[in-house]
Amino acid sequence: MSSITEFGSLVLLIGDFHTPTRKADIPSEFKELLNTDKIGMVICTGNVGTKAVEEQLRGIAGEDCKIVQGDIDYNMDFVETSVTQVGSFRVGVIHGHQIVPWGDQDALCKCAGRLGVDILVSGHTHKNSIVDLGGKFLINPGSVTGACNAMGEFDINPSFMLMAIQGQSVTLYTYEQVKGELKVSMNELKKP
């Protein structure tokens with residue numbers, strides 16, 4: 001397995017903090033991992049909870065920080081959707097509460113088509129997932145704090161992702177805390 005440092009700058013995919021209302025903070029192991037100069041962009045699915053979290057995210061990547069409005073981001077001034085270019089991929093981000101039913105892959109694929117993106121990053125379900133559907137990559141980094149979701153599910157594992165793009169391929173590293181242990185998985189996706 002290649003070291004993530006071989007890719008150079010990484011994109012942090014993160015969201016659904018819900019601090020301090022549902023969870024106090026992100027796991028300490030995650031804080032250590034995110035304390036790096038290798039992250040060049042942040043894409044956040046919203047529900048940051050506080051201005052302090054927003055400032056933390058902007059501190060990681062400066063102005064290259066894309067945060068969208070979550071359904072509980074009260075008094076925050078975020079956009080509903082964001083589209084950016086990362087290498088040869090157009091990447092869009094939405095919170096996900098706009099998709100009915102929540103997390104529906106066909107509806108997410110249609111949203112990716114409307115936004116004209118190769119990769120759609122969304123949240124709201126609080127469960128990480130990577131799906132290749134209809135030539136679109138649907139990515140959900142999960143809830144970085146493991147906060148319960150809107151369906152009342154409390155057994156959520158905290159997670160986030162790091163994305164590296166080289167040419168026509170995407171490598172995703174999913175960091176997940178499972179029963180107190182840090183698990184890392186890698187997925188490679190290629191443009192059709």
# chains A, B, ... in the order shown; residues from 1 in each chain; ligands from 1
$ residues_around --residues "Ala147 of chain A" --least-positions-apart "5" --cutoff "9 Å" --atoms "only C-alpha atoms" --output "PyMOL selection string"
chain A and resi 16-19+22-23+126+153-158
$ write_last_selection --atoms "N, CA, C and O atoms" --output "compact mmCIF listing (two decimals), in the first residue's frame"
# COMPACT_ATOMS: atom_id res chain seq x y z
N ASP A 16 -20.82 16.60 9.60
CA ASP A 16 -21.77 16.14 10.62
C ASP A 16 -21.14 16.07 12.00
O ASP A 16 -21.20 15.06 12.69
N PHE A 17 -20.57 17.21 12.43
CA PHE A 17 -19.96 17.33 13.75
C PHE A 17 -21.03 17.32 14.84
O PHE A 17 -20.90 16.63 15.83
N HIS A 18 -22.05 18.17 14.67
CA HIS A 18 -23.12 18.34 15.66
C HIS A 18 -22.57 18.65 17.05
O HIS A 18 -23.06 18.13 18.05
N THR A 19 -21.54 19.49 17.10
CA THR A 19 -21.00 19.91 18.40
C THR A 19 -21.60 21.25 18.78
O THR A 19 -21.80 22.09 17.90
N ARG A 22 -24.92 17.29 20.09
CA ARG A 22 -25.02 15.83 20.13
C ARG A 22 -23.74 15.15 20.58
O ARG A 22 -23.78 14.03 21.09
N LYS A 23 -22.61 15.77 20.35
CA LYS A 23 -21.31 15.24 20.78
C LYS A 23 -20.43 16.42 21.19
O LYS A 23 -20.50 17.50 20.60
N HIS A 126 -24.79 10.18 8.41
CA HIS A 126 -23.74 9.99 9.40
C HIS A 126 -23.01 8.67 9.24
O HIS A 126 -22.21 8.29 10.09
N GLU A 153 -30.58 6.95 15.14
CA GLU A 153 -29.60 5.87 15.28
C GLU A 153 -28.40 6.39 16.09
O GLU A 153 -27.78 7.38 15.72
N PHE A 154 -28.11 5.71 17.19
CA PHE A 154 -27.06 6.15 18.10
C PHE A 154 -25.76 5.36 17.97
O PHE A 154 -24.75 5.74 18.53
N ASP A 155 -25.78 4.26 17.24
CA ASP A 155 -24.58 3.41 17.11
C ASP A 155 -23.75 3.80 15.88
O ASP A 155 -23.44 2.99 15.04
N ILE A 156 -23.40 5.07 15.81
CA ILE A 156 -22.65 5.61 14.67
C ILE A 156 -21.15 5.63 15.01
O ILE A 156 -20.76 6.17 16.04
N ASN A 157 -20.34 5.06 14.14
CA ASN A 157 -18.88 5.11 14.32
C ASN A 157 -18.35 6.43 13.78
O ASN A 157 -18.65 6.79 12.64
N PRO A 158 -17.55 7.17 14.56
CA PRO A 158 -16.95 8.40 14.05
C PRO A 158 -16.07 8.09 12.84
O PRO A 158 -15.36 7.08 12.82
$ residues_around --residues "Asp104 of chain A" --least-positions-apart "2" --cutoff "12 Å" --atoms "only C-alpha atoms" --output "MDAnalysis selection string"
chainID A and resid 96:102 106:111 122:125 129 131 133 138 140
$ closest_residue --among "A:Ile14, A:Ile72, A:Cys65, A:Ile119" --to "Phe160 of chain A" --atoms "only C-alpha atoms"
A:Ile14
$ residues_around --residues "Ala52 of chain A" --least-positions-apart "6" --cutoff "12 Å" --atoms "only C-alpha atoms" --output "number ranges by chain"
A: 17, 19-20, 25, 58-59, 76
$ write_last_selection --atoms "all heavy atoms" --output "mmCIF file, in the first residue's frame"
data_model
loop_
_atom_site.group_PDB
_atom_site.id
_atom_site.type_symbol
_atom_site.label_atom_id
_atom_site.label_comp_id
_atom_site.auth_asym_id
_atom_site.auth_seq_id
_atom_site.Cartn_x
_atom_site.Cartn_y
_atom_site.Cartn_z
ATOM 1 N N PHE A 17 -20.567 17.210 12.427
ATOM 2 C CA PHE A 17 -19.957 17.335 13.748
ATOM 3 C C PHE A 17 -21.029 17.322 14.844
ATOM 4 O O PHE A 17 -20.902 16.632 15.831
ATOM 5 C CB PHE A 17 -19.193 18.667 13.864
ATOM 6 C CG PHE A 17 -17.948 18.742 13.040
ATOM 7 C CD1 PHE A 17 -18.004 18.982 11.669
ATOM 8 C CD2 PHE A 17 -16.706 18.621 13.630
ATOM 9 C CE1 PHE A 17 -16.842 19.078 10.925
ATOM 10 C CE2 PHE A 17 -15.546 18.716 12.888
ATOM 11 C CZ PHE A 17 -15.612 18.946 11.527
ATOM 12 N N THR A 19 -21.543 19.492 17.102
ATOM 13 C CA THR A 19 -20.999 19.908 18.400
ATOM 14 C C THR A 19 -21.599 21.255 18.782
ATOM 15 O O THR A 19 -21.804 22.088 17.901
ATOM 16 C CB THR A 19 -19.468 20.020 18.346
ATOM 17 O OG1 THR A 19 -19.097 20.914 17.320
ATOM 18 C CG2 THR A 19 -18.808 18.685 18.126
ATOM 19 N N PRO A 20 -21.898 21.511 19.972
ATOM 20 C CA PRO A 20 -21.840 20.620 21.131
ATOM 21 C C PRO A 20 -23.184 19.932 21.430
ATOM 22 O O PRO A 20 -23.320 19.287 22.461
ATOM 23 C CB PRO A 20 -21.484 21.581 22.260
ATOM 24 C CG PRO A 20 -22.223 22.840 21.905
ATOM 25 C CD PRO A 20 -22.176 22.892 20.379
ATOM 26 N N ASP A 25 -16.985 16.615 21.040
ATOM 27 C CA ASP A 25 -15.802 16.885 20.230
ATOM 28 C C ASP A 25 -15.498 15.675 19.357
ATOM 29 O O ASP A 25 -16.096 14.610 19.523
ATOM 30 C CB ASP A 25 -14.604 17.161 21.146
ATOM 31 C CG ASP A 25 -13.544 18.051 20.501
ATOM 32 O OD1 ASP A 25 -13.636 18.334 19.286
ATOM 33 O OD2 ASP A 25 -12.610 18.464 21.220
ATOM 34 N N ARG A 58 -11.159 26.051 8.594
ATOM 35 C CA ARG A 58 -10.472 27.065 7.782
ATOM 36 C C ARG A 58 -8.989 27.126 8.144
ATOM 37 O O ARG A 58 -8.148 27.426 7.301
ATOM 38 C CB ARG A 58 -11.143 28.422 7.932
ATOM 39 C CG ARG A 58 -12.558 28.415 7.354
ATOM 40 C CD ARG A 58 -13.098 29.793 7.047
ATOM 41 N NE ARG A 58 -14.494 29.745 6.691
ATOM 42 C CZ ARG A 58 -14.981 29.316 5.525
ATOM 43 N NH1 ARG A 58 -14.168 28.890 4.584
ATOM 44 N NH2 ARG A 58 -16.288 29.332 5.286
ATOM 45 N N GLY A 59 -8.650 26.800 9.382
ATOM 46 C CA GLY A 59 -7.260 26.762 9.809
ATOM 47 C C GLY A 59 -6.479 25.638 9.144
ATOM 48 O O GLY A 59 -5.266 25.724 8.994
ATOM 49 N N MET A 76 -25.470 30.308 10.546
ATOM 50 C CA MET A 76 -24.225 30.164 9.797
ATOM 51 C C MET A 76 -24.501 30.641 8.371
ATOM 52 O O MET A 76 -25.616 30.520 7.880
ATOM 53 C CB MET A 76 -23.759 28.707 9.769
ATOM 54 C CG MET A 76 -23.564 28.084 11.133
ATOM 55 S SD MET A 76 -22.141 28.771 11.965
ATOM 56 C CE MET A 76 -21.431 27.346 12.677
#
$ closest_residue --among "A:Leu12, A:Leu172, A:Arg90, A:Val79" --to "Asp37 of chain A" --atoms "only C-alpha atoms"
A:Leu12
$ residues_around --residues "Asn75 of chain A" --least-positions-apart "3" --cutoff "10 Å" --atoms "only C-alpha atoms" --output "VMD selection string"
chain A and resid 49 to 51 72 78
$ write_last_selection --atoms "C-alpha atoms" --output "mmCIF file, in the first residue's frame"
data_model
loop_
_atom_site.group_PDB
_atom_site.id
_atom_site.type_symbol
_atom_site.label_atom_id
_atom_site.label_comp_id
_atom_site.auth_asym_id
_atom_site.auth_seq_id
_atom_site.Cartn_x
_atom_site.Cartn_y
_atom_site.Cartn_z
ATOM 1 C CA GLY A 49 -22.339 23.229 15.061
ATOM 2 C CA THR A 50 -20.211 26.214 16.059
ATOM 3 C CA LYS A 51 -18.105 29.031 14.632
ATOM 4 C CA ILE A 72 -28.935 22.436 11.831
ATOM 5 C CA PHE A 78 -22.836 28.712 4.224
#
$ atom_distance --atom1 "atom CA of Lys31 of chain A" --atom2 "atom CA of Val184 of chain A"
15.0 Å
$ residues_around --residues "Ile26 of chain A" --least-positions-apart "2" --cutoff "7 Å" --atoms "only C-alpha atoms" --output "list of chain:residue names"
A:Ser28, A:Phe30, A:Val144, A:Thr145
$ write_last_selection --atoms "N, CA, C and O atoms" --output "PDB file, in the first residue's frame"
ATOM      1  N   SER A  28      -9.872  12.128  19.953  1.00  0.00           N
ATOM      2  CA  SER A  28      -8.511  12.677  20.054  1.00  0.00           C
ATOM      3  C   SER A  28      -7.575  12.089  18.991  1.00  0.00           C
ATOM      4  O   SER A  28      -6.701  12.780  18.482  1.00  0.00           O
ATOM      5  N   PHE A  30      -8.345  11.399  15.976  1.00  0.00           N
ATOM      6  CA  PHE A  30      -8.602  12.139  14.744  1.00  0.00           C
ATOM      7  C   PHE A  30      -7.884  13.486  14.774  1.00  0.00           C
ATOM      8  O   PHE A  30      -7.329  13.927  13.770  1.00  0.00           O
ATOM      9  N   VAL A 144     -17.897  12.865  11.807  1.00  0.00           N
ATOM     10  CA  VAL A 144     -16.563  12.859  12.405  1.00  0.00           C
ATOM     11  C   VAL A 144     -16.609  12.681  13.927  1.00  0.00           C
ATOM     12  O   VAL A 144     -15.652  12.217  14.528  1.00  0.00           O
ATOM     13  N   THR A 145     -17.739  12.990  14.536  1.00  0.00           N
ATOM     14  CA  THR A 145     -17.866  12.821  15.989  1.00  0.00           C
ATOM     15  C   THR A 145     -18.606  11.545  16.369  1.00  0.00           C
ATOM     16  O   THR A 145     -18.590  11.145  17.533  1.00  0.00           O
TER      17      THR A 145
END
$ atom_distance --atom1 "atom CA of Asn35 of chain A" --atom2 "atom CA of Cys148 of chain A"
25.4 Å
$ closest_residue --among "A:Gly113, A:Gly46, A:Gly92, A:Pro141" --to "Met163 of chain A" --atoms "only C-alpha atoms"
A:Pro141
$ residues_around --residues "Gln168 of chain A" --least-positions-apart "6" --cutoff "8 Å" --atoms "only C-alpha atoms" --output "list of chain:residue names"
A:Ser88, A:Phe89, A:Lys190, A:Lys191
$ select_by_dssp --residues "chain A" --states "strand (DSSP E)" --output "PyMOL selection string"
chain A and resi 10-14+39-44+65-67+81-86+89-94+119-121+129-133+136-140+159-166+169-178+181-190
$ atom_distance --atom1 "atom CA of Thr171 of chain A" --atom2 "atom CA of Asp64 of chain A"
19.8 Å
$ select_by_dssp --residues "segment 91-174 of chain A" --states "helix (DSSP H, G or I)" --output "list in words"
Gln105, Asp106, Ala107, Leu108, Cys109, Lys110, Cys111, Ala112, Gly113, Arg114 and Leu115 of chain A
$ write_last_selection --atoms "N, CA and C atoms" --output "mmCIF file, in the first residue's frame"
data_model
loop_
_atom_site.group_PDB
_atom_site.id
_atom_site.type_symbol
_atom_site.label_atom_id
_atom_site.label_comp_id
_atom_site.auth_asym_id
_atom_site.auth_seq_id
_atom_site.Cartn_x
_atom_site.Cartn_y
_atom_site.Cartn_z
ATOM 1 N N GLN A 105 -29.373 6.465 -3.290
ATOM 2 C CA GLN A 105 -28.286 6.510 -4.267
ATOM 3 C C GLN A 105 -28.734 7.035 -5.632
ATOM 4 N N ASP A 106 -29.928 6.661 -6.087
ATOM 5 C CA ASP A 106 -30.407 7.168 -7.384
ATOM 6 C C ASP A 106 -30.619 8.679 -7.331
ATOM 7 N N ALA A 107 -31.198 9.159 -6.235
ATOM 8 C CA ALA A 107 -31.425 10.600 -6.088
ATOM 9 C C ALA A 107 -30.096 11.352 -5.973
ATOM 10 N N LEU A 108 -29.132 10.766 -5.279
ATOM 11 C CA LEU A 108 -27.803 11.383 -5.184
ATOM 12 C C LEU A 108 -27.123 11.431 -6.551
ATOM 13 N N CYS A 109 -27.278 10.363 -7.337
ATOM 14 C CA CYS A 109 -26.702 10.320 -8.679
ATOM 15 C C CYS A 109 -27.324 11.401 -9.571
ATOM 16 N N LYS A 110 -28.633 11.592 -9.460
ATOM 17 C CA LYS A 110 -29.311 12.658 -10.221
ATOM 18 C C LYS A 110 -28.815 14.030 -9.791
ATOM 19 N N CYS A 111 -28.602 14.204 -8.494
ATOM 20 C CA CYS A 111 -28.072 15.470 -7.984
ATOM 21 C C CYS A 111 -26.676 15.717 -8.549
ATOM 22 N N ALA A 112 -25.843 14.685 -8.579
ATOM 23 C CA ALA A 112 -24.499 14.805 -9.170
ATOM 24 C C ALA A 112 -24.608 15.229 -10.632
ATOM 25 N N GLY A 113 -25.572 14.656 -11.354
ATOM 26 C CA GLY A 113 -25.790 15.030 -12.753
ATOM 27 C C GLY A 113 -26.209 16.488 -12.893
ATOM 28 N N ARG A 114 -27.128 16.934 -12.032
ATOM 29 C CA ARG A 114 -27.579 18.339 -12.076
ATOM 30 C C ARG A 114 -26.427 19.299 -11.792
ATOM 31 N N LEU A 115 -25.544 18.906 -10.871
ATOM 32 C CA LEU A 115 -24.403 19.765 -10.537
ATOM 33 C C LEU A 115 -23.267 19.634 -11.553
#
